[in-house]
Every structure is written in C-alpha cells, then in structure tokens.
Amino acid sequence: MRSFGLIGYPLAHSFSAEWFAEMFRREGIRDAVYANYPLGSIEELPALLAEHPLLGFNVTAPYKRAIMDYLDQIDPTAERIGAVNCAVRQGDTWKGYNVDWIGFAESLMALIGGECPHALILGSGGASLTAQAAARQEGAAEITVISRSGPDNY
C-alpha cells in the first residue's frame, strides 16, 4: 500500500485525508492511503518517517519554512519562495516543492481579472511567502504584508 499524508499542527481543521480518499476512489486508485499526521514540533518528523514509510507528504502551518532543514533537496522555485508545501521521497532522499503558488496565481487572476500592480497580503508565514511569489509572478510592483508585527513593503 502506498502511503501519503499531511504534516502540520494543528490539523483538526484539515479536510485533506477525506479529499484524498475521495480522489483515490474517484480515480480508481486502490493501493494508496492518505492520513493526517499532527506534529507538535517539526523535530518529530524523523521519527514519523521512520515509523510510517510515506512516499510523499504535504506540509501546512506552521512548518512550511522549517521543513526545508529536513529535506535533502529543494526545488529551485520552492527555494526562491522560501517555503515548501509538498515533499516527495526519491529513493532514500526527500525533495521539497512549492506548488501552492500556481493556485494562488490562478485564483488571484480569476478574482481581479487583469493586472495586479499592488498587492496586500495578510500574514507573514509560509503561505504569505507563496502569495507574495504569486503576486510578483502576476506583475505586482508593490507588495504590502500586514502581520501581527506590523506592515512591511517588498
């Protein structure tokens, strides 16, 4: 059985396990399972991977940046963004990717229907880094990030 999952904390809000179960069923994939793995600390990751032979996992808050220290390779796009949301086993090594930026860019353009000269992003975590990359990709000349610590311009 091929195993995949989601790491982060907390995960009670996540519908990933149900979504993947439905996707596997719909696509006729019978040899795969997906589970949520709440990690109270990113330092728990090596033990999780030793116990569960995952082939890949998604990453959510608060570990989209911290996960990078636990991977053997980082895709250039994820490196540029500074956050990883997907890790894939390649033999005995792990490679991290960021595929969120594509969804952010497509959603952004669908909502505004044109140019994006300025962007306002709420929050400064890993998802914020991804949203910033998407806004830059769509031509934002100025990006303002508002977080608990105050505004920053990029």
# chains A, B, ... in the order shown; residues from 1 in each chain; ligands from 1
>>> residues_around(residues="range 10-23 of chain A", least_positions_apart="3", cutoff="9 Å", atoms="only C-alpha atoms", output="list in words")
Gly5, Leu6, Ile7, Arg26, Glu27, Gly28, Ile29, Ala32, Val33, Tyr34, Ala35, Asn36, Tyr37, Pro38, Leu39, Gly40, Thr60, Ala61 and Pro62 of chain A
>>> write_last_selection(atoms="C-alpha atoms", output="PDB file, in the first residue's frame")
ATOM      1  CA  GLY A   5      -0.006  12.321   4.321  1.00  0.00           C
ATOM      2  CA  LEU A   6      -0.135  15.823   5.706  1.00  0.00           C
ATOM      3  CA  ILE A   7       2.080  17.235   8.451  1.00  0.00           C
ATOM      4  CA  ARG A  26     -12.844   8.520  -7.991  1.00  0.00           C
ATOM      5  CA  GLU A  27      -9.634   7.806  -9.911  1.00  0.00           C
ATOM      6  CA  GLY A  28      -9.730   4.070  -9.149  1.00  0.00           C
ATOM      7  CA  ILE A  29      -6.510   4.183  -7.110  1.00  0.00           C
ATOM      8  CA  ALA A  32      -2.927   4.338  -1.792  1.00  0.00           C
ATOM      9  CA  VAL A  33      -3.851   5.861   1.558  1.00  0.00           C
ATOM     10  CA  TYR A  34      -3.548   9.403   2.893  1.00  0.00           C
ATOM     11  CA  ALA A  35      -3.558  10.360   6.575  1.00  0.00           C
ATOM     12  CA  ASN A  36      -3.075  13.455   8.700  1.00  0.00           C
ATOM     13  CA  TYR A  37      -0.006  13.463  10.952  1.00  0.00           C
ATOM     14  CA  PRO A  38      -0.209  16.283  13.507  1.00  0.00           C
ATOM     15  CA  LEU A  39       3.297  17.101  14.722  1.00  0.00           C
ATOM     16  CA  GLY A  40       3.599  19.180  17.874  1.00  0.00           C
ATOM     17  CA  THR A  60       0.938  23.047   6.273  1.00  0.00           C
ATOM     18  CA  ALA A  61       1.316  25.584   9.078  1.00  0.00           C
ATOM     19  CA  PRO A  62       3.463  26.077  10.937  1.00  0.00           C
TER      20      PRO A  62
END
>>> select_by_dssp(residues="range 18-114 of chain A", states="alpha helix (DSSP H)", output="ChimeraX atom specification")
/A:18-26,45-51,76-81,100-112
>>> closest_atom_pairs(of="range 111-147 of chain A", to="range 77-98 of chain A", cutoff="9 Å", atoms="only C-alpha atoms", output="tab-separated table")
residue	atom	partner	partner_atom	distance
A:Gly125	CA	A:Ala83	CA	8.8
A:Gly126	CA	A:Ala83	CA	5.4
A:Ala127	CA	A:Ala83	CA	7.7
A:Leu129	CA	A:Ile81	CA	6.0
A:Thr130	CA	A:Ile81	CA	6.1
A:Gln132	CA	A:Ile81	CA	8.2
A:Ala133	CA	A:Ile81	CA	6.2
>>> select_by_dssp(residues="range 49-150 of chain A", states="strand (DSSP E or B)", output="JSON, numbers by chain")
{"A": [54, 55, 56, 57, 58, 59, 73, 74, 86, 87, 88, 89, 90, 93, 94, 95, 96, 97, 118, 119, 120, 121, 122, 142, 143, 144, 145, 146, 147, 150]}
>>> atom_distance(atom1="CA of Ser3 in chain A", atom2="CA of Ile74 in chain A")
21.4 Å
>>> residues_around(residues="Leu120 in chain A", least_positions_apart="3", cutoff="12 Å", atoms="only C-alpha atoms", output="PyMOL selection string")
chain A and resi 108+116-117+123-124+128+131-132+135-136+140-147+151-154
>>> closest_residue(among="A:Arg2, A:Asp69, A:Phe104, A:Ala134", to="Leu54 in chain A", atoms="only C-alpha atoms")
A:Arg2
